[in-house]
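For reference, my_file.tsv is printed below; it contains TSV, C-alpha atoms.
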chain	number	residue	atom	x	y	z
A	1	ARG	CA	-9.57	-13.10	21.44
A	2	GLN	CA	-7.12	-10.86	19.60
A	3	GLY	CA	-9.84	-8.21	19.34
A	4	LYS	CA	-10.42	-8.31	23.10
A	5	GLN	CA	-6.67	-8.17	23.70
A	6	TYR	CA	-6.38	-5.02	21.58
A	7	ASP	CA	-9.35	-3.42	23.36
A	8	LEU	CA	-7.68	-4.14	26.72
A	9	ILE	CA	-4.39	-2.65	25.54
A	10	ASP	CA	-6.15	0.43	24.16
A	11	HIS	CA	-8.10	0.82	27.43
A	12	THR	CA	-4.86	0.58	29.43
A	13	LEU	CA	-3.28	3.21	27.19
A	14	GLN	CA	-6.21	5.56	27.79
A	15	ASN	CA	-5.97	5.01	31.56
A	16	MET	CA	-2.27	5.88	31.45
A	17	ARG	CA	-3.04	9.16	29.71
A	18	THR	CA	-5.87	9.95	32.15
A	19	ALA	CA	-3.48	9.36	35.04
A	20	GLY	CA	-0.98	11.73	33.49
A	21	ILE	CA	1.45	8.96	32.52
A	22	LYS	CA	2.85	9.43	29.06
A	23	PRO	CA	3.16	6.12	27.16
A	24	ASN	CA	6.72	5.57	26.02
A	25	SER	CA	7.93	4.07	22.74
A	26	ARG	CA	7.67	0.52	24.12
A	27	ALA	CA	4.02	1.01	25.06
A	28	HIS	CA	3.21	2.31	21.59
A	29	ALA	CA	5.12	-0.62	20.04
A	30	VAL	CA	2.83	-3.02	21.98
A	31	VAL	CA	-0.26	-1.28	20.57
A	32	LEU	CA	1.14	-1.41	17.04
A	33	ASP	CA	2.05	-5.08	17.48
A	34	SER	CA	-1.48	-5.85	18.60
A	35	LEU	CA	-2.90	-4.24	15.46
A	36	LEU	CA	-0.49	-6.15	13.24
A	37	ASP	CA	-1.28	-9.44	15.01
A	38	ARG	CA	-4.89	-8.88	14.00
A	39	LYS	CA	-3.69	-8.40	10.39
A	40	LYS	CA	-4.88	-4.82	10.48
A	41	TRP	CA	-1.90	-3.42	8.61
A	42	ARG	CA	-3.84	-0.39	7.35
A	43	GLU	CA	-4.69	0.63	10.91
A	44	GLY	CA	-1.09	-0.11	11.86
A	45	VAL	CA	0.24	2.24	9.19
A	46	GLN	CA	-2.20	4.95	10.28
A	47	TYR	CA	-1.20	4.50	13.94
A	48	TYR	CA	2.47	4.72	12.95
A	49	TYR	CA	2.06	7.99	11.05
A	50	ASN	CA	-0.15	9.55	13.74
A	51	LEU	CA	2.46	8.67	16.36
A	52	ARG	CA	5.27	9.95	14.16
A	53	LEU	CA	3.44	13.27	13.66
A	54	GLU	CA	2.51	13.71	17.33
A	55	SER	CA	5.95	12.93	18.71
A	56	ASN	CA	8.11	14.12	15.82
A	57	GLY	CA	9.25	10.52	15.53
A	58	ASP	CA	10.63	10.35	19.08
A	59	LEU	CA	8.16	7.67	20.20
A	60	VAL	CA	8.60	5.42	17.16
A	61	SER	CA	10.96	2.65	18.22
A	62	ASN	CA	13.16	0.55	15.96
A	63	TYR	CA	11.01	-2.42	16.94
A	64	ALA	CA	7.93	-0.64	15.57
A	65	HIS	CA	9.70	-0.13	12.24
A	66	ILE	CA	10.75	-3.78	12.14
A	67	SER	CA	7.26	-5.15	12.89
A	68	LEU	CA	5.58	-2.87	10.37
A	69	ILE	CA	8.06	-3.58	7.55
A	70	ARG	CA	7.80	-7.35	8.02
A	71	THR	CA	4.00	-7.28	8.14
A	72	LEU	CA	3.73	-5.11	5.03
A	73	GLY	CA	6.15	-7.41	3.22
A	74	ARG	CA	4.05	-10.48	4.00
A	75	ALA	CA	0.95	-8.57	2.87
A	76	GLY	CA	2.63	-7.78	-0.45
A	77	LYS	CA	2.68	-4.03	0.24
A	78	ILE	CA	6.30	-3.57	-0.76
A	79	GLN	CA	6.05	0.11	-1.67
A	80	LEU	CA	4.64	0.91	1.76
A	81	ALA	CA	7.32	-1.23	3.40
A	82	GLU	CA	9.99	0.65	1.43
A	83	GLN	CA	8.51	3.96	2.53
A	84	ILE	CA	8.60	2.92	6.21
A	85	PHE	CA	12.15	1.64	5.72
A	86	SER	CA	13.25	4.97	4.20
A	87	GLU	CA	12.05	6.72	7.38
A	88	ALA	CA	13.72	4.25	9.75
A	89	PRO	CA	17.22	4.53	11.30
A	90	LYS	CA	19.86	3.06	9.00
A	91	ASP	CA	22.26	1.90	11.70
A	92	ASP	CA	20.18	-1.04	12.97
A	93	PRO	CA	20.89	-4.30	11.09
A	94	GLN	CA	17.56	-5.74	12.29
A	95	ILE	CA	15.71	-3.10	10.27
A	96	LEU	CA	17.79	-4.12	7.26
A	97	SER	CA	16.85	-7.75	7.95
A	98	ALA	CA	13.16	-6.82	8.05
A	99	MET	CA	13.33	-5.15	4.62
A	100	LEU	CA	15.30	-8.06	3.16
A	101	SER	CA	12.67	-10.45	4.56
A	102	ALA	CA	9.99	-8.38	2.84
A	103	TYR	CA	11.82	-8.69	-0.48
A	104	LYS	CA	12.29	-12.40	0.11
A	105	SER	CA	8.57	-12.89	0.72
A	106	GLN	CA	7.87	-11.26	-2.66
A	107	ALA	CA	10.72	-13.11	-4.46
A	108	ASP	CA	12.43	-9.85	-5.39
A	109	GLY	CA	16.09	-10.83	-5.15
A	110	ILE	CA	17.32	-7.99	-7.34
A	111	LYS	CA	16.00	-5.35	-4.93
A	112	ALA	CA	17.37	-7.36	-2.00
A	113	ALA	CA	20.85	-7.37	-3.52
A	114	ALA	CA	20.64	-3.67	-4.37
A	115	LEU	CA	19.61	-2.87	-0.79
A	116	LEU	CA	22.52	-4.90	0.54
A	117	GLN	CA	24.96	-2.93	-1.61
A	118	THR	CA	23.38	0.38	-0.57
A	119	MET	CA	23.80	-0.46	3.09
A	120	LEU	CA	27.42	-1.45	2.48
A	121	ASP	CA	28.01	1.86	0.71
A	122	ASN	CA	26.62	3.58	3.82
A	123	LYS	CA	29.07	1.63	6.03
A	124	VAL	CA	26.29	-0.28	7.81
A	125	GLU	CA	27.49	-3.56	9.29
A	126	VAL	CA	26.02	-6.52	7.43
A	127	ARG	CA	25.83	-9.83	9.26
A	128	THR	CA	25.63	-13.37	7.95
A	129	LEU	CA	21.87	-13.26	8.53
A	130	GLU	CA	21.41	-10.38	6.11
A	131	GLY	CA	23.62	-12.06	3.51
A	132	ASN	CA	21.58	-15.25	3.76
A	133	LEU	CA	18.30	-13.35	3.45
A	134	ALA	CA	19.54	-11.73	0.24
A	135	LEU	CA	20.65	-15.14	-1.07
A	136	SER	CA	17.24	-16.62	-0.23
A	137	ALA	CA	15.49	-13.82	-2.12
A	138	LEU	CA	17.77	-14.39	-5.12
A	139	LEU	CA	17.01	-18.11	-5.01
A	140	LYS	CA	13.40	-17.21	-5.79
A	141	THR	CA	14.40	-14.79	-8.57
A	142	ARG	CA	15.09	-15.83	-12.16
A	143	ASN	CA	18.37	-14.99	-13.89
A	144	SER	CA	20.03	-14.07	-10.62
A	145	THR	CA	22.78	-16.69	-10.35
A	146	ALA	CA	25.67	-14.29	-11.01
A	147	THR	CA	24.36	-11.82	-8.43
A	148	ALA	CA	23.91	-14.57	-5.85
A	149	TRP	CA	27.45	-15.74	-6.52
A	150	SER	CA	28.82	-12.20	-6.08
A	151	ILE	CA	27.38	-12.16	-2.56
A	152	PHE	CA	28.16	-15.75	-1.64
A	153	SER	CA	31.73	-15.70	-2.94
A	154	ARG	CA	32.56	-12.78	-0.67
A	155	MET	CA	30.93	-14.49	2.32
A	156	ARG	CA	32.82	-17.66	1.48
A	157	SER	CA	36.15	-15.83	1.25
A	158	CYS	CA	35.55	-14.26	4.67
A	159	ALA	CA	34.74	-17.64	6.19
A	160	LEU	CA	37.80	-19.33	4.73
A	161	ASN	CA	40.07	-16.49	5.79
A	162	LYS	CA	38.76	-16.62	9.35
A	163	MET	CA	39.16	-20.39	9.53
A	164	HIS	CA	42.64	-20.33	7.93
A	165	LEU	CA	41.59	-23.27	5.77
A	166	GLN	CA	43.72	-22.46	2.73
A	167	LYS	CA	46.44	-24.60	4.28
A	168	HIS	CA	44.04	-27.57	4.12
A	169	GLY	CA	43.68	-27.21	0.37
A	170	ILE	CA	40.51	-25.11	0.28
A	171	THR	CA	41.02	-21.99	-1.81
A	172	THR	CA	38.72	-19.39	-3.28
A	173	GLU	CA	40.30	-19.49	-6.73
A	174	THR	CA	39.36	-23.02	-7.82
A	175	LEU	CA	35.62	-22.69	-7.33
A	176	TRP	CA	35.69	-19.13	-8.67
A	177	SER	CA	37.27	-20.38	-11.90
A	178	MET	CA	34.53	-23.00	-12.30
A	179	VAL	CA	31.78	-20.40	-11.88
A	180	SER	CA	33.40	-17.68	-14.01
A	181	ASP	CA	33.94	-20.12	-16.88
A	182	LYS	CA	30.24	-21.02	-16.91
A	183	TYR	CA	28.82	-17.53	-16.44
A	184	ALA	CA	31.51	-15.50	-18.24
A	185	LEU	CA	32.25	-13.48	-15.14
A	186	VAL	CA	35.34	-11.34	-15.43
A	187	SER	CA	35.52	-9.55	-12.07
A	188	GLU	CA	37.30	-10.80	-8.98
A	189	PRO	CA	35.31	-12.75	-6.35
A	190	GLY	CA	32.95	-10.48	-4.51
A	191	LEU	CA	34.23	-7.30	-6.18
A	192	ALA	CA	30.75	-5.74	-6.29
A	193	PHE	CA	30.48	-6.36	-2.54
A	194	ALA	CA	34.05	-5.42	-1.65
A	195	GLU	CA	33.18	-4.16	1.86
A	196	PHE	CA	31.21	-7.27	2.72
A	197	SER	CA	32.56	-8.83	5.93
A	198	ALA	CA	29.91	-11.40	6.89
A	199	SER	CA	31.08	-15.01	6.79
A	200	ALA	CA	29.29	-17.82	4.99
A	201	ASP	CA	27.80	-20.50	7.22
A	202	LYS	CA	26.12	-23.82	6.51
A	203	ILE	CA	22.88	-22.11	5.47
A	204	SER	CA	24.77	-19.89	3.01
A	205	TYR	CA	26.31	-22.94	1.36
A	206	GLU	CA	22.97	-24.77	1.18
A	207	ILE	CA	21.17	-21.82	-0.40
A	208	MET	CA	23.92	-21.40	-2.99
A	209	GLN	CA	23.67	-25.10	-3.77
A	210	HIS	CA	20.00	-24.63	-4.61
A	211	VAL	CA	20.78	-21.59	-6.77
A	212	PHE	CA	23.19	-23.73	-8.81
A	213	ALA	CA	20.78	-26.69	-8.78
A	214	ARG	CA	18.12	-24.47	-10.34
A	215	GLU	CA	20.49	-23.96	-13.27
A	216	GLY	CA	21.35	-27.67	-13.46
A	217	GLU	CA	24.96	-26.99	-12.47
A	218	ILE	CA	25.73	-30.46	-11.12
A	219	GLU	CA	29.49	-29.93	-10.90
A	220	LEU	CA	29.11	-26.74	-8.88
A	221	VAL	CA	26.56	-28.32	-6.54
A	222	GLU	CA	28.93	-31.24	-5.94
A	223	ALA	CA	31.89	-28.88	-5.46
A	224	LEU	CA	30.01	-27.05	-2.72
A	225	SER	CA	29.01	-30.39	-1.15
A	226	ASN	CA	32.64	-31.48	-1.03
A	227	GLU	CA	33.73	-28.18	0.45
A	228	MET	CA	31.01	-28.37	3.11
A	229	GLN	CA	32.36	-31.75	4.17
A	230	LEU	CA	35.88	-30.30	4.46
A	231	LEU	CA	34.46	-27.51	6.61
A	232	GLY	CA	32.87	-30.07	8.91
A	233	TYR	CA	29.25	-29.32	8.02
A	234	ASP	CA	26.87	-32.28	8.35
A	235	TYR	CA	25.20	-33.60	5.20
A	236	SER	CA	21.60	-32.35	5.34
A	237	SER	CA	18.28	-32.96	3.65
A	238	TYR	CA	18.59	-29.48	2.16
A	239	ALA	CA	21.89	-30.41	0.50
A	240	LEU	CA	20.53	-33.79	-0.67
A	241	CYS	CA	17.57	-32.09	-2.36
A	242	ALA	CA	19.89	-29.63	-4.09
A	243	ARG	CA	21.83	-32.51	-5.63
A	244	MET	CA	18.61	-34.23	-6.68
A	245	LYS	CA	17.22	-31.03	-8.21
A	246	ALA	CA	20.42	-30.50	-10.22
A	247	LEU	CA	19.94	-33.98	-11.71
A	248	LEU	CA	16.25	-33.19	-12.28
A	249	ALA	CA	17.23	-30.14	-14.36
A	250	HIS	CA	19.32	-32.47	-16.55
A	251	GLY	CA	16.59	-35.09	-16.86
A	252	ASP	CA	18.68	-37.71	-15.08
A	253	TRP	CA	15.77	-39.52	-13.44
A	254	ARG	CA	17.77	-42.66	-12.72
A	255	GLY	CA	20.54	-40.64	-11.10
A	256	MET	CA	17.99	-38.89	-8.89
A	257	PHE	CA	16.55	-42.12	-7.58
A	258	SER	CA	20.00	-43.67	-7.13
A	259	LEU	CA	21.00	-40.68	-5.02
A	260	PHE	CA	17.83	-41.10	-2.97
A	261	ARG	CA	18.53	-44.80	-2.37
A	262	GLU	CA	22.09	-43.96	-1.42
A	263	ALA	CA	20.75	-41.53	1.18
A	264	LYS	CA	18.46	-44.24	2.59
A	265	SER	CA	21.51	-46.31	3.43
A	266	HIS	CA	23.21	-43.36	5.14
A	267	PRO	CA	23.75	-43.82	8.92
A	268	GLU	CA	21.63	-40.71	9.57
A	269	SER	CA	19.04	-41.33	6.86
A	270	SER	CA	16.20	-40.19	9.13
A	271	LYS	CA	17.66	-36.66	9.07
A	272	LEU	CA	18.22	-36.69	5.31
A	273	LEU	CA	14.96	-38.07	3.98
A	274	SER	CA	12.45	-35.27	4.40
A	275	VAL	CA	9.11	-35.17	2.61
A	276	HIS	CA	10.81	-33.02	-0.04
A	277	ALA	CA	13.41	-35.70	-0.77
A	278	TYR	CA	10.62	-38.28	-1.09
A	279	ASN	CA	8.71	-35.97	-3.43
A	280	LEU	CA	11.75	-35.63	-5.67
A	281	ALA	CA	12.17	-39.41	-5.66
A	282	LEU	CA	8.50	-39.80	-6.67
A	283	ILE	CA	9.06	-37.34	-9.53
A	284	SER	CA	12.00	-39.41	-10.77
A	285	LEU	CA	9.91	-42.60	-10.71
A	286	LEU	CA	6.95	-40.98	-12.45
A	287	ARG	CA	9.28	-39.68	-15.18
A	288	GLN	CA	10.56	-43.23	-15.67
A	289	GLU	CA	6.96	-44.58	-15.62
A	290	ARG	CA	7.92	-46.88	-12.74
A	291	TYR	CA	4.48	-46.66	-11.17
A	292	ASP	CA	4.72	-49.82	-9.08
A	293	THR	CA	7.95	-48.62	-7.48
A	294	ALA	CA	6.38	-45.21	-6.84
A	295	LEU	CA	3.50	-46.97	-5.11
A	296	LEU	CA	5.95	-48.86	-2.91
A	297	LEU	CA	7.68	-45.61	-2.08
A	298	CYS	CA	4.37	-44.19	-0.84
A	299	GLY	CA	4.18	-47.20	1.44
A	300	GLU	CA	7.69	-46.49	2.69
A	301	MET	CA	6.65	-42.93	3.51
A	302	LYS	CA	3.83	-44.24	5.65
A	303	LYS	CA	6.08	-46.78	7.34
A	304	GLU	CA	8.69	-44.13	8.13
A	305	ARG	CA	5.93	-41.75	9.25
A	306	ILE	CA	6.92	-39.08	6.73
A	307	LYS	CA	4.17	-36.46	6.72
A	308	PRO	CA	3.00	-35.83	3.14
A	309	ASN	CA	2.41	-32.26	1.98
A	310	SER	CA	0.35	-30.76	-0.83
A	311	HIS	CA	3.10	-31.52	-3.36
A	312	THR	CA	3.00	-35.17	-2.33
A	313	PHE	CA	-0.70	-35.35	-3.08
A	314	GLU	CA	-0.24	-33.70	-6.46
A	315	LEU	CA	2.21	-36.48	-7.29
A	316	VAL	CA	-0.14	-39.16	-5.96
A	317	THR	CA	-2.91	-37.67	-8.13
A	318	MET	CA	-0.61	-38.18	-11.11
A	319	LEU	CA	-0.26	-41.79	-10.04
A	320	ARG	CA	-4.04	-42.09	-10.11
A	321	GLN	CA	-3.94	-41.29	-13.80
A	322	ALA	CA	-2.25	-44.64	-14.31
A	323	GLY	CA	-5.72	-46.05	-13.63
A	324	THR	CA	-4.79	-49.06	-11.52
A	325	LYS	CA	-7.01	-50.30	-8.72
A	326	GLU	CA	-4.04	-50.58	-6.36
A	327	VAL	CA	-3.09	-46.95	-6.92
A	328	ASP	CA	-6.64	-45.76	-6.20
A	329	GLN	CA	-6.64	-47.72	-2.94
A	330	GLU	CA	-3.30	-46.24	-1.99
A	331	ILE	CA	-4.63	-42.72	-2.60
A	332	SER	CA	-7.46	-43.34	-0.16
A	333	ARG	CA	-5.02	-44.53	2.49
A	334	MET	CA	-2.69	-41.59	1.87
A	335	GLN	CA	-5.61	-39.15	2.18
A	336	ALA	CA	-6.57	-40.69	5.50
A	337	PHE	CA	-2.98	-40.31	6.66
A	338	SER	CA	-3.10	-36.69	5.53
A	339	ALA	CA	-5.73	-35.85	8.16
A	340	ALA	CA	-3.40	-36.99	10.93
A	341	ALA	CA	-0.49	-35.15	9.35
A	342	ALA	CA	-2.50	-31.94	9.07
A	343	ALA	CA	-3.45	-32.18	12.73
A	344	ALA	CA	0.22	-32.29	13.70
A	345	GLY	CA	1.15	-29.57	11.18
A	346	LEU	CA	2.87	-30.06	7.85
A	347	VAL	CA	6.59	-29.57	7.82
A	348	LEU	CA	7.56	-26.21	6.34
A	349	TRP	CA	11.09	-26.32	5.06
A	350	HIS	CA	12.67	-22.90	3.90
A	351	GLY	CA	10.06	-22.68	1.13
A	352	ILE	CA	12.39	-24.45	-1.26
A	353	LEU	CA	9.72	-26.74	-2.74
Rewrite the coordinates I just gave you, this time as structure tokens.
Amino acid sequence: RQGKQYDLIDHTLQNMRTAGIKPNSRAHAVVLDSLLDRKKWREGVQYYYNLRLESNGDLVSNYAHISLIRTLGRAGKIQLAEQIFSEAPKDDPQILSAMLSAYKSQADGIKAAALLQTMLDNKVEVRTLEGNLALSALLKTRNSTATAWSIFSRMRSCALNKMHLQKHGITTETLWSMVSDKYALVSEPGLAFAEFSASADKISYEIMQHVFAREGEIELVEALSNEMQLLGYDYSSYALCARMKALLAHGDWRGMFSLFREAKSHPESSKLLSVHAYNLALISLLRQERYDTALLLCGEMKKERIKPNSHTFELVTMLRQAGTKEVDQEISRMQAFSAAAAAAGLVLWHGIL
């Protein structure tokens, strides 16, 4: 169907030219989009350069740059995406977002942070969205905690300044001291991103929690959780999983499961207990060799209609290795449930797990 759609668009374009109507940049963006929807990125790149040559770049819209950069990023063609980005206008934050998304898709947080700084040096306005994209890319990049903190601390300072929350006891210095002591940081908060004016939001806090959780920094994860409560942000599944992952990094299996049980008694437990939280709880039980309890937890997932994902089935396969008849029966039931879950679509959750 996509092939027929492209043929129709191409035919319409030819008719416009025959009638003496010159296609504008929006018309060419539709053609390029159609190629990219068909995953024909090579043809898309060729179309882009032909159009750029024929019109001296006048008919290449910002939208065309954005679509092409994002598609090339997903395809893993980062060098091509960077080349397109270098030829694009630098005053559109959406183009910056597209390039940051490309780096995020390839887990290249260092390049994402460097791009952010370059745009700041060029006096390009950076929004919260771009800051969060850079943080997400750094979350997927090893040895990037200090860089992530440099970005987040500036966003956090902006948010607190705008909300005038220092008078409520929230200050930038206390948390900064905790981080600098652990990572031997000597510069002031956000010094490397001194012109950064985007404010941290709930997503910023949650991503930074996961960055600290990756390092097993329980105190810092909890400090951010407490601050989020003071800011009025609801406790989320994302934040719960960050706390559980911090305990996982320390091998505190009992603490992980206790935290999970505590969340089950929360008034809004249905919002907290995602499939990822259940998976972490299963990991804690497997580490403790509490196979019967893990089996019961699988039953709870079914009862609560939690849709299992591929990670869930990896964990259930580990349960099978226990060799009990009951576990094997449970695997069969879970696999049957998987068919229904797949039909509805598995829950994709920020790619954290």
Contact residues around Glu289 (chain A) with all atoms listed in the file at 12 Å, ignoring same-chain residues under 4 positions, as a short mmCIF file (atom, residue, chain, number, x, y, z; two decimals) with C-alpha atoms, in the frame of the given file:
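Dumped to around.cif:
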data_model
loop_
_atom_site.label_atom_id
_atom_site.label_comp_id
_atom_site.auth_asym_id
_atom_site.auth_seq_id
_atom_site.Cartn_x
_atom_site.Cartn_y
_atom_site.Cartn_z
CA TRP A 253 15.77 -39.52 -13.44
CA ARG A 254 17.77 -42.66 -12.72
CA LEU A 282 8.50 -39.80 -6.67
CA ILE A 283 9.06 -37.34 -9.53
CA SER A 284 12.00 -39.41 -10.77
CA LEU A 285 9.91 -42.60 -10.71
CA THR A 293 7.95 -48.62 -7.48
CA ALA A 294 6.38 -45.21 -6.84
CA LEU A 295 3.50 -46.97 -5.11
CA MET A 318 -0.61 -38.18 -11.11
CA LEU A 319 -0.26 -41.79 -10.04
CA GLN A 321 -3.94 -41.29 -13.80
CA ALA A 322 -2.25 -44.64 -14.31
#
**Asked** Please, what distance in Å, to one decimal, runs between CA of Gly255 (chain A) and CA of Met301 (chain A)?
**Response**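 We find that CA of Gly255 (chain A) and CA of Met301 (chain A) lie 20.3 Å from each other.
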**Request:** One decimal, Å: what's the distance from CA of Ala81 (chain A) over to CA of Ile69 (chain A), could you say?
**Result:**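 Computing the Euclidean distance for CA of Ala81 (chain A) and CA of Ile69 (chain A) yields 4.8 Å.
Shortest separation to Ala148 (chain A) among A:Ser101, A:Asn161, A:Ser236, A:Ser136 occurs at residue A:Ser136, atoms counted being all atoms listed in the file.
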**Prompt:** Neighbours of Leu100 (chain A) within 8 Å (only C-alpha atoms; same-chain residues fewer than 6 positions away dropped), as an MDAnalysis selection string?
**Reply:** chainID A and resid 112 115 130 133:134 137
**Complete:** Nearest to Gln229 (chain A), restricted to all atoms listed in the file and choosing among A:Lys264, A:Lys202, A:Arg214, A:His250, comes out as A:Lys202
**Item:** Distance in Å - CA of Gly73 (chain A) versus CA of Gln117 (chain A)
**Value:**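 These atoms are spaced 19.9 Å apart.
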**Message:** For a cutoff of 12 Å around the file-coordinate point (18.3, -3.3, 12.8), which residues qualify once you count all atoms listed in the file? I'd like the result as a list in words.
**Reply:**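 The distance filter leaves exactly Ser61, Asn62, Tyr63, Ala64, His65, Ile66, Ser67, Ile69, Phe85, Ala88, Pro89, Lys90, Asp91, Asp92, Pro93, Gln94, Ile95, Leu96, Ser97, Ala98, Met99, Leu100, Met119, Val124, Glu125, Val126, Arg127, Leu129 and Glu130 of chain A.
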**Request:** Find, counting all atoms listed in the file, the residue in A:Ala242, A:Leu280, A:Val275, A:Tyr291 that gets nearest to Ile306 (chain A).
**Result:**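 Comparing A:Ala242, A:Leu280, A:Val275, A:Tyr291 against Ile306 (chain A), the winner is A:Val275.
Taking all atoms listed in the file into account, Arg74 (chain A) lies nearest to A:Ser105 out of the set A:Thr118, A:Ser144, A:Ser105, A:Ser269.
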**Item:** Pick from A:Met256, A:Leu160, A:Leu272, A:Val211, whichever lies nearest to Leu230 (chain A) using all atoms listed in the file
**Value:**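 Distance minimum relative to Leu230 (chain A) lands on A:Leu160.
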**Message:** Which residues are near Leu72 (chain A)? Cut-off 10 Å, all atoms listed in the file, ignore same chain within fewer than 2 positions. Put them as a ChimeraX atom specification.
**Reply:** /A:36,39,41-42,44-45,67-70,74-82,84,99,102
**Message:** If we draw a sphere of 8 Å around (22.7, -35.7, 5.0), which residues have at least one atom in it when counting only C-alpha atoms? Please report them as a ChimeraX atom specification.
**Reply:** /A:234-240,263,266,268-269,271-272
Using the incomplete input, complete region 286-299 of chain A to the level of N, CA, C and O atoms; output as a PDB file, in the frame of the given file.
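Produced file out01.pdb, reproduced below:
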ATOM      1  N   LEU A 286       8.028 -41.285 -11.515  1.00  0.00           N
ATOM      2  CA  LEU A 286       6.950 -40.980 -12.450  1.00  0.00           C
ATOM      3  C   LEU A 286       7.517 -40.677 -13.840  1.00  0.00           C
ATOM      4  O   LEU A 286       6.944 -41.078 -14.855  1.00  0.00           O
ATOM      5  N   ARG A 287       8.645 -39.985 -13.892  1.00  0.00           N
ATOM      6  CA  ARG A 287       9.280 -39.680 -15.180  1.00  0.00           C
ATOM      7  C   ARG A 287       9.732 -40.960 -15.887  1.00  0.00           C
ATOM      8  O   ARG A 287       9.748 -41.022 -17.118  1.00  0.00           O
ATOM      9  N   GLN A 288      10.106 -41.950 -15.097  1.00  0.00           N
ATOM     10  CA  GLN A 288      10.560 -43.230 -15.670  1.00  0.00           C
ATOM     11  C   GLN A 288       9.389 -44.194 -15.908  1.00  0.00           C
ATOM     12  O   GLN A 288       9.605 -45.302 -16.398  1.00  0.00           O
ATOM     13  N   GLU A 289       8.164 -43.755 -15.523  1.00  0.00           N
ATOM     14  CA  GLU A 289       6.960 -44.580 -15.620  1.00  0.00           C
ATOM     15  C   GLU A 289       7.082 -45.855 -14.781  1.00  0.00           C
ATOM     16  O   GLU A 289       6.533 -46.903 -15.124  1.00  0.00           O
ATOM     17  N   ARG A 290       7.783 -45.750 -13.674  1.00  0.00           N
ATOM     18  CA  ARG A 290       7.920 -46.880 -12.740  1.00  0.00           C
ATOM     19  C   ARG A 290       6.858 -46.724 -11.658  1.00  0.00           C
ATOM     20  O   ARG A 290       7.126 -46.442 -10.500  1.00  0.00           O
ATOM     21  N   TYR A 291       5.602 -46.928 -12.055  1.00  0.00           N
ATOM     22  CA  TYR A 291       4.480 -46.660 -11.170  1.00  0.00           C
ATOM     23  C   TYR A 291       4.423 -47.605  -9.974  1.00  0.00           C
ATOM     24  O   TYR A 291       4.076 -47.183  -8.865  1.00  0.00           O
ATOM     25  N   ASP A 292       4.753 -48.867 -10.195  1.00  0.00           N
ATOM     26  CA  ASP A 292       4.720 -49.820  -9.080  1.00  0.00           C
ATOM     27  C   ASP A 292       5.735 -49.441  -8.008  1.00  0.00           C
ATOM     28  O   ASP A 292       5.450 -49.510  -6.805  1.00  0.00           O
ATOM     29  N   THR A 293       6.922 -49.021  -8.446  1.00  0.00           N
ATOM     30  CA  THR A 293       7.950 -48.620  -7.480  1.00  0.00           C
ATOM     31  C   THR A 293       7.531 -47.345  -6.752  1.00  0.00           C
ATOM     32  O   THR A 293       7.780 -47.191  -5.551  1.00  0.00           O
ATOM     33  N   ALA A 294       6.878 -46.441  -7.475  1.00  0.00           N
ATOM     34  CA  ALA A 294       6.380 -45.210  -6.840  1.00  0.00           C
ATOM     35  C   ALA A 294       5.350 -45.535  -5.781  1.00  0.00           C
ATOM     36  O   ALA A 294       5.319 -44.925  -4.703  1.00  0.00           O
ATOM     37  N   LEU A 295       4.523 -46.532  -6.076  1.00  0.00           N
ATOM     38  CA  LEU A 295       3.500 -46.970  -5.110  1.00  0.00           C
ATOM     39  C   LEU A 295       4.165 -47.534  -3.857  1.00  0.00           C
ATOM     40  O   LEU A 295       3.753 -47.247  -2.729  1.00  0.00           O
ATOM     41  N   LEU A 296       5.218 -48.307  -4.052  1.00  0.00           N
ATOM     42  CA  LEU A 296       5.950 -48.860  -2.910  1.00  0.00           C
ATOM     43  C   LEU A 296       6.601 -47.753  -2.097  1.00  0.00           C
ATOM     44  O   LEU A 296       6.677 -47.843  -0.862  1.00  0.00           O
ATOM     45  N   LEU A 297       7.047 -46.729  -2.786  1.00  0.00           N
ATOM     46  CA  LEU A 297       7.680 -45.610  -2.080  1.00  0.00           C
ATOM     47  C   LEU A 297       6.667 -44.880  -1.201  1.00  0.00           C
ATOM     48  O   LEU A 297       7.002 -44.426  -0.100  1.00  0.00           O
ATOM     49  N   CYS A 298       5.425 -44.780  -1.680  1.00  0.00           N
ATOM     50  CA  CYS A 298       4.370 -44.190  -0.840  1.00  0.00           C
ATOM     51  C   CYS A 298       4.202 -45.008   0.439  1.00  0.00           C
ATOM     52  O   CYS A 298       4.020 -44.462   1.529  1.00  0.00           O
ATOM     53  N   GLY A 299       4.265 -46.327   0.285  1.00  0.00           N
ATOM     54  CA  GLY A 299       4.180 -47.200   1.440  1.00  0.00           C
ATOM     55  C   GLY A 299       5.342 -46.989   2.404  1.00  0.00           C
ATOM     56  O   GLY A 299       5.163 -47.021   3.632  1.00  0.00           O
TER      57      GLY A 299
END
